[in-house]
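Engineer: File name entry_36.txt; file contents compact mmCIF, C-alpha atoms; full text below.
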# COMPACT_ATOMS: atom_id res chain seq x y z
CA MET L 1 -57.57 -38.10 33.07
CA ALA L 2 -60.89 -37.06 31.57
CA ASP L 3 -63.44 -39.50 30.21
CA PHE L 4 -62.92 -41.11 26.85
CA ASP L 5 -64.99 -43.24 24.48
CA GLN L 6 -62.35 -45.45 22.92
CA GLU L 7 -58.83 -46.56 23.72
CA LEU L 8 -55.84 -47.37 21.50
CA ASP L 9 -52.73 -48.97 22.94
CA ALA L 10 -49.80 -48.13 20.67
CA SER L 11 -47.16 -49.19 23.19
CA GLY L 12 -43.99 -50.55 21.64
CA LEU L 13 -44.80 -49.08 18.22
CA ASN L 14 -42.47 -46.62 16.57
CA CYS L 15 -42.96 -43.71 14.19
CA PRO L 16 -45.22 -43.41 12.21
CA LEU L 17 -47.38 -46.30 13.48
CA PRO L 18 -48.96 -44.56 16.52
CA ILE L 19 -50.19 -41.73 14.26
CA LEU L 20 -51.40 -44.10 11.53
CA ARG L 21 -53.25 -46.31 14.02
CA ALA L 22 -54.78 -43.26 15.72
CA LYS L 23 -55.97 -41.87 12.40
CA LYS L 24 -57.52 -45.21 11.47
CA THR L 25 -59.31 -45.48 14.82
CA LEU L 26 -60.58 -41.90 14.58
CA ASN L 27 -61.97 -42.68 11.12
CA GLY L 28 -64.33 -45.16 12.72
CA MET L 29 -65.49 -42.77 15.46
CA GLU L 30 -68.23 -40.14 15.48
CA SER L 31 -67.53 -36.44 15.72
CA GLY L 32 -67.13 -35.23 19.31
CA LYS L 33 -66.03 -38.64 20.63
CA VAL L 34 -62.76 -38.89 22.52
CA LEU L 35 -59.91 -41.30 21.83
CA HIS L 36 -57.36 -42.22 24.51
CA ILE L 37 -54.00 -43.21 23.03
CA ILE L 38 -51.20 -44.86 24.98
CA ALA L 39 -47.72 -44.78 23.44
CA THR L 40 -44.12 -45.42 24.42
CA ASP L 41 -42.44 -43.61 21.51
CA PRO L 42 -41.05 -40.32 22.92
CA GLY L 43 -41.39 -38.77 19.47
CA SER L 44 -45.16 -39.20 19.67
CA VAL L 45 -45.48 -36.21 22.04
CA LYS L 46 -44.58 -33.70 19.33
CA ASP L 47 -46.18 -35.83 16.65
CA PHE L 48 -49.63 -35.86 18.23
CA GLU L 49 -49.43 -32.08 18.77
CA ALA L 50 -48.65 -31.69 15.07
CA PHE L 51 -51.31 -34.23 14.09
CA ALA L 52 -54.00 -32.35 16.03
CA LYS L 53 -52.93 -29.00 14.61
CA GLN L 54 -53.02 -30.21 11.02
CA THR L 55 -56.16 -32.35 11.14
CA GLY L 56 -58.33 -30.12 13.32
CA ASN L 57 -58.91 -32.87 15.88
CA GLU L 58 -58.45 -31.40 19.35
CA LEU L 59 -55.62 -32.63 21.58
CA MET L 60 -57.36 -32.29 24.94
CA GLU L 61 -54.62 -33.75 27.07
CA SER L 62 -51.04 -34.94 26.74
CA LYS L 63 -49.09 -36.35 29.67
CA GLU L 64 -46.45 -38.82 30.72
CA GLU L 65 -47.29 -41.33 33.39
CA GLY L 66 -45.47 -44.44 34.48
CA GLY L 67 -43.04 -44.29 31.58
CA LYS L 68 -45.85 -44.09 29.01
CA PHE L 69 -47.37 -41.24 27.09
CA HIS L 70 -51.10 -40.62 27.19
CA PHE L 71 -53.09 -38.52 24.77
CA LEU L 72 -56.76 -37.57 24.60
CA ILE L 73 -57.93 -36.54 21.17
CA LYS L 74 -61.45 -35.34 20.41
CA LYS L 75 -62.61 -36.08 16.90
CA ALA L 76 -63.54 -32.95 14.96
CA MET B 1 -59.52 -25.47 3.04
CA GLU B 2 -58.30 -27.18 -0.11
CA GLN B 3 -56.65 -30.56 0.34
CA LYS B 4 -52.87 -30.38 0.32
CA LYS B 5 -50.90 -32.52 -2.09
CA LEU B 6 -47.63 -34.43 -1.69
CA ALA B 7 -45.74 -35.83 -4.67
CA ILE B 8 -42.84 -38.24 -4.13
CA ILE B 9 -40.42 -39.83 -6.57
CA ALA B 10 -38.99 -43.08 -5.16
CA THR B 11 -35.80 -44.10 -6.96
CA LYS B 12 -34.03 -46.42 -4.54
CA GLY B 13 -34.47 -50.14 -4.02
CA SER B 14 -32.67 -50.95 -0.78
CA LEU B 15 -34.27 -51.79 2.57
CA ASP B 16 -33.14 -48.58 4.28
CA TRP B 17 -34.21 -46.29 1.44
CA ALA B 18 -37.55 -48.04 1.14
CA TYR B 19 -38.69 -46.41 4.36
CA PRO B 20 -38.85 -42.66 3.58
CA PRO B 21 -41.40 -42.83 0.73
CA PHE B 22 -43.78 -45.09 2.65
CA ILE B 23 -43.36 -43.37 6.03
CA LEU B 24 -43.85 -39.89 4.59
CA GLY B 25 -46.58 -40.97 2.19
CA SER B 26 -48.69 -42.77 4.79
CA THR B 27 -48.19 -40.03 7.39
CA ALA B 28 -49.13 -37.28 4.96
CA ALA B 29 -52.27 -39.24 4.05
CA ALA B 30 -53.12 -39.50 7.76
CA LEU B 31 -52.77 -35.72 7.99
CA GLY B 32 -55.23 -35.29 5.17
CA TYR B 33 -52.90 -34.91 2.20
CA GLU B 34 -53.60 -36.35 -1.22
CA VAL B 35 -50.48 -38.39 -2.01
CA GLU B 36 -48.92 -39.87 -5.12
CA ILE B 37 -45.66 -41.80 -5.28
CA PHE B 38 -43.95 -42.29 -8.62
CA PHE B 39 -41.64 -45.33 -8.54
CA THR B 40 -38.82 -45.32 -11.04
CA PHE B 41 -35.60 -47.25 -11.65
CA TYR B 42 -34.60 -49.22 -8.52
CA GLY B 43 -37.63 -47.80 -6.71
CA LEU B 44 -39.72 -50.33 -8.64
CA GLN B 45 -38.37 -53.03 -6.31
CA LEU B 46 -40.64 -51.53 -3.64
CA LEU B 47 -43.73 -52.54 -5.63
CA LYS B 48 -42.87 -56.22 -6.05
CA LYS B 49 -45.41 -58.68 -4.63
CA LYS B 50 -42.61 -60.50 -2.91
CA LEU B 51 -40.22 -57.98 -1.44
CA ASP B 52 -36.57 -58.96 -1.20
CA LEU B 53 -34.99 -55.72 -0.04
CA LYS B 54 -31.48 -55.66 1.37
CA VAL B 55 -29.21 -53.25 3.11
CA THR B 56 -25.47 -53.11 2.57
CA PRO B 57 -22.56 -51.50 4.44
CA LEU B 58 -20.66 -51.36 1.15
CA GLY B 59 -19.88 -47.79 0.20
CA ASN B 60 -21.89 -46.53 3.16
CA PRO B 61 -19.57 -45.14 5.84
CA GLY B 62 -22.54 -43.68 7.72
CA MET B 63 -24.02 -47.05 8.54
CA PRO B 64 -23.67 -47.96 12.22
CA MET B 65 -22.08 -51.39 12.46
CA PRO B 66 -22.67 -53.79 15.35
CA LEU B 67 -19.94 -54.90 17.76
CA GLY B 68 -17.71 -51.98 16.84
CA MET B 69 -17.06 -53.59 13.48
CA ASP B 70 -16.70 -50.20 11.86
CA LYS B 71 -13.71 -49.54 14.13
CA TRP B 72 -11.64 -52.64 13.44
CA PHE B 73 -13.13 -54.02 10.25
CA PRO B 74 -11.22 -53.00 7.13
CA VAL B 75 -13.33 -51.35 4.43
CA LEU B 76 -12.60 -54.38 2.28
CA GLY B 77 -14.40 -56.50 4.88
CA THR B 78 -17.71 -54.97 3.86
CA THR B 79 -17.32 -56.66 0.48
CA LEU B 80 -17.12 -60.15 1.98
CA PRO B 81 -19.65 -62.64 0.63
CA GLY B 82 -22.56 -62.91 3.01
CA MET B 83 -22.00 -59.50 4.57
CA GLU B 84 -25.09 -58.07 2.89
CA ALA B 85 -27.27 -60.96 4.07
CA VAL B 86 -25.94 -60.66 7.63
CA MET B 87 -26.47 -56.89 7.78
CA THR B 88 -29.96 -57.24 6.30
CA MET B 89 -30.90 -59.84 8.88
CA MET B 90 -29.53 -57.73 11.73
CA MET B 91 -31.29 -54.62 10.48
CA LYS B 92 -34.63 -56.40 10.20
CA LYS B 93 -34.26 -57.83 13.69
CA LYS B 94 -33.34 -54.44 15.13
CA MET B 95 -36.34 -52.83 13.45
CA ALA B 96 -38.72 -55.48 14.78
CA ASP B 97 -37.25 -55.09 18.29
CA LYS B 98 -37.76 -51.33 18.19
CA GLY B 99 -41.33 -51.51 16.94
CA VAL B 100 -40.50 -50.12 13.50
CA ALA B 101 -43.02 -51.32 10.93
CA SER B 102 -42.00 -53.61 8.09
CA ILE B 103 -42.04 -52.23 4.55
CA GLU B 104 -44.88 -54.62 3.72
CA GLU B 105 -46.96 -53.14 6.54
CA LEU B 106 -46.21 -49.51 5.66
CA ARG B 107 -46.98 -50.18 1.99
CA GLU B 108 -50.30 -51.77 2.93
CA LEU B 109 -51.15 -48.86 5.26
CA SER B 110 -50.30 -46.41 2.48
CA LEU B 111 -52.67 -48.16 0.07
CA GLU B 112 -55.40 -48.30 2.71
CA ALA B 113 -55.01 -44.55 3.15
CA ASP B 114 -55.52 -44.05 -0.61
CA VAL B 115 -51.92 -43.18 -1.43
CA ARG B 116 -51.65 -43.69 -5.19
CA PHE B 117 -48.72 -45.67 -6.63
CA ILE B 118 -47.48 -45.04 -10.15
CA ALA B 119 -44.87 -47.31 -11.73
CA CYS B 120 -42.58 -45.92 -14.40
CA GLN B 121 -43.50 -47.81 -17.57
CA MET B 122 -40.12 -47.06 -19.15
CA THR B 123 -38.27 -48.76 -16.27
CA VAL B 124 -40.56 -51.78 -16.45
CA ASP B 125 -39.60 -52.16 -20.11
CA LEU B 126 -35.94 -51.34 -19.52
CA PHE B 127 -35.43 -54.10 -16.96
CA ASP B 128 -37.76 -56.56 -18.75
CA MET B 129 -40.00 -56.64 -15.72
CA ASP B 130 -43.48 -58.11 -15.88
CA GLN B 131 -46.57 -56.44 -14.45
CA SER B 132 -47.50 -59.75 -12.82
CA GLN B 133 -44.50 -59.29 -10.49
CA PHE B 134 -46.08 -56.21 -8.95
CA ILE B 135 -48.87 -55.72 -6.43
CA ASP B 136 -52.35 -54.81 -7.67
CA GLY B 137 -53.73 -51.31 -7.78
CA ILE B 138 -50.76 -49.67 -9.49
CA GLU B 139 -50.96 -47.27 -12.40
CA TYR B 140 -48.33 -47.59 -15.16
CA ALA B 141 -47.33 -44.30 -16.75
CA GLY B 142 -44.54 -41.90 -17.64
CA ALA B 143 -42.98 -38.60 -16.66
CA ALA B 144 -45.79 -36.45 -18.04
CA ARG B 145 -48.26 -38.27 -15.80
CA PHE B 146 -46.08 -37.46 -12.78
CA PHE B 147 -46.07 -33.76 -13.59
CA GLU B 148 -49.83 -33.70 -13.95
CA PHE B 149 -49.99 -34.23 -10.20
CA ALA B 150 -46.62 -32.76 -9.11
CA GLY B 151 -47.38 -29.46 -10.83
CA GLU B 152 -50.29 -28.98 -8.45
CA ALA B 153 -48.47 -30.34 -5.39
CA ASP B 154 -47.64 -28.33 -2.28
CA ILE B 155 -44.66 -30.55 -1.52
CA CYS B 156 -42.56 -32.52 -3.95
CA MET B 157 -39.65 -34.73 -2.96
CA TYR B 158 -37.12 -36.89 -4.70
CA ILE B 159 -35.97 -39.89 -2.69
How does the structure come out when it is put into structure tokens?
Structural biologist:
Amino acid sequence: MADFDQELDASGLNCPLPILRAKKTLNGMESGKVLHIIATDPGSVKDFEAFAKQTGNELMESKEEGGKFHFLIKKA
Amino acid sequence: MEQKKLAIIATKGSLDWAYPPFILGSTAAALGYEVEIFFTFYGLQLLKKKLDLKVTPLGNPGMPMPLGMDKWFPVLGTTLPGMEAVMTMMMKKKMADKGVASIEELRELSLEADVRFIACQMTVDLFDMDQSQFIDGIEYAGAARFFEFAGEADICMYI
């Protein structure tokens, strides 16, 4: 997994909390910085794709590892 | 790109139906939408400072019941005193176990994300409610006020 600047563990949280927490964390970050999100909600895979598409923040990576979902989002 | 707008009318005051307006409102705000929710009739329960929302199996054949109760429990059983309290407790526990946010939390997150809440003034008068019962930061207005925003909205939903 590529480098990241900040991490958000949304494990155990269900829709829409991972997205809401990610948005809040991104709000406090500078443009170009990368956020690593960890989630256990299977719905978050499609949700983070849709989030990136609609907000313009780039989804650099999305993968499943050890029963958890990992996302890297670069703030626009 | 111009900011998209979402207008929601929230008309229901039970625990299960409290979720859609707050989930969709807060998520839309996170996606960059400007959001307004107009609370009317039983939907006003969702704006009370102290929430006391319940869920009931009564008249709701789609509600999954624990322990196979829906198989052997007669419909009349759902009217038993205490059934509503039991189902509400079980639902809240299940939601907490599955990491589903509470209504209080989703409402707070919506406000933090600048979702605007409008309470129907007519309903407040109709049910002799007092503004002191409701959380701060609410606008009190009528149908025309809703259309001012809804008329410009990209999405409008009635819940």
Engineer: Which one is closest to Leu35 (chain L): L:Lys74, L:Asn57, L:Ala2, L:Pro18? Count only C-alpha atoms.
Structural biologist: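 Distance minimum relative to Leu35 (chain L) lands on L:Lys74.
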Engineer: Write out as number ranges by chain which residues come within 8 Å of region 111-115 of chain B when counting only C-alpha atoms, dropping same-chain ones fewer than 3 positions away.
Structural biologist: B: 25-26, 29-30, 34-37, 107-108
Engineer: Between CA of Lys53 (chain L) and CA of Ala10 (chain B), what is the distance, to one decimal in Å?
Structural biologist: 28.0 Å
Engineer: Would you kindly return, as number ranges by chain, each protein, DNA or RNA residue with an atom no farther than 12 Å from any atom of Asp16 (chain B), considering only C-alpha atoms and excluding same-chain residues fewer than 4 positions away?
Structural biologist: B: 12, 20-23, 43, 46, 53-57, 60, 63, 87-88, 91-92, 95, 100, 102-103, 159
Engineer: Write out as a VMD selection string each polymer residue whose atoms come within 10 Å of Arg21 (chain L), counting only C-alpha atoms; drop sequence neighbours fewer than 4 positions from it.
Structural biologist: (chain L and resid 8 to 10 13 16 to 17 25 to 27 37) or (chain B and resid 30 109)
Engineer: CA of Ala39 (chain L) and CA of Lys94 (chain B), how far apart in Å?
Structural biologist: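 Going from CA of Lys94 (chain B) over to CA of Ala39 (chain L) covers 19.2 Å.
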Engineer: Looking at all atoms listed in the file, which of L:Ala76, L:Asp3, L:Thr55, L:Lys68 is the one that sits closest to Glu30 (chain L)?
Structural biologist: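 That would be L:Ala76, the residue with the smallest distance to Glu30 (chain L).
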Engineer: May I ask for the distance between CA of Asp5 (chain L) and CA of Thr27 (chain B), given in Å to one decimal place?
Structural biologist: 24.2 Å
Engineer: Between L:Gly66, L:His36, L:Ile73, L:Glu61, which has the minimum distance to Glu7 (chain L) (counting all atoms listed in the file)?
Structural biologist: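 So, comparing all the options, the nearest one is L:His36.
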Engineer: Select, from B:Val124, B:Met90, B:Leu6, B:Ala101, the residue with the minimum atom-to-atom distance to Gly32 (chain B), counting only C-alpha atoms.
Structural biologist: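 Checking each candidate against Gly32 (chain B), we get B:Leu6 as the closest.
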Engineer: My list of candidates is B:Gly99, B:Lys48, B:Arg116, B:Asp130. Which is closest to Asp41 (chain L) when distances are computed with all atoms listed in the file?
Structural biologist: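 Nearest to Asp41 (chain L): B:Gly99.
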Engineer: Skip His70 (chain L) itself and residues of its chain fewer than 5 positions away, then list as an mmCIF file with C-alpha atoms, in the coordinates of the input all residues within 6 Å of it, counting all atoms listed in the file.
Structural biologist:
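Saved result, result_26.cif, follows:
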data_model
loop_
_atom_site.group_PDB
_atom_site.id
_atom_site.type_symbol
_atom_site.label_atom_id
_atom_site.label_comp_id
_atom_site.auth_asym_id
_atom_site.auth_seq_id
_atom_site.Cartn_x
_atom_site.Cartn_y
_atom_site.Cartn_z
ATOM 1 C CA ILE L 37 -54.000 -43.210 23.030
ATOM 2 C CA ILE L 38 -51.200 -44.860 24.980
ATOM 3 C CA SER L 62 -51.040 -34.940 26.740
ATOM 4 C CA LYS L 63 -49.090 -36.350 29.670
#
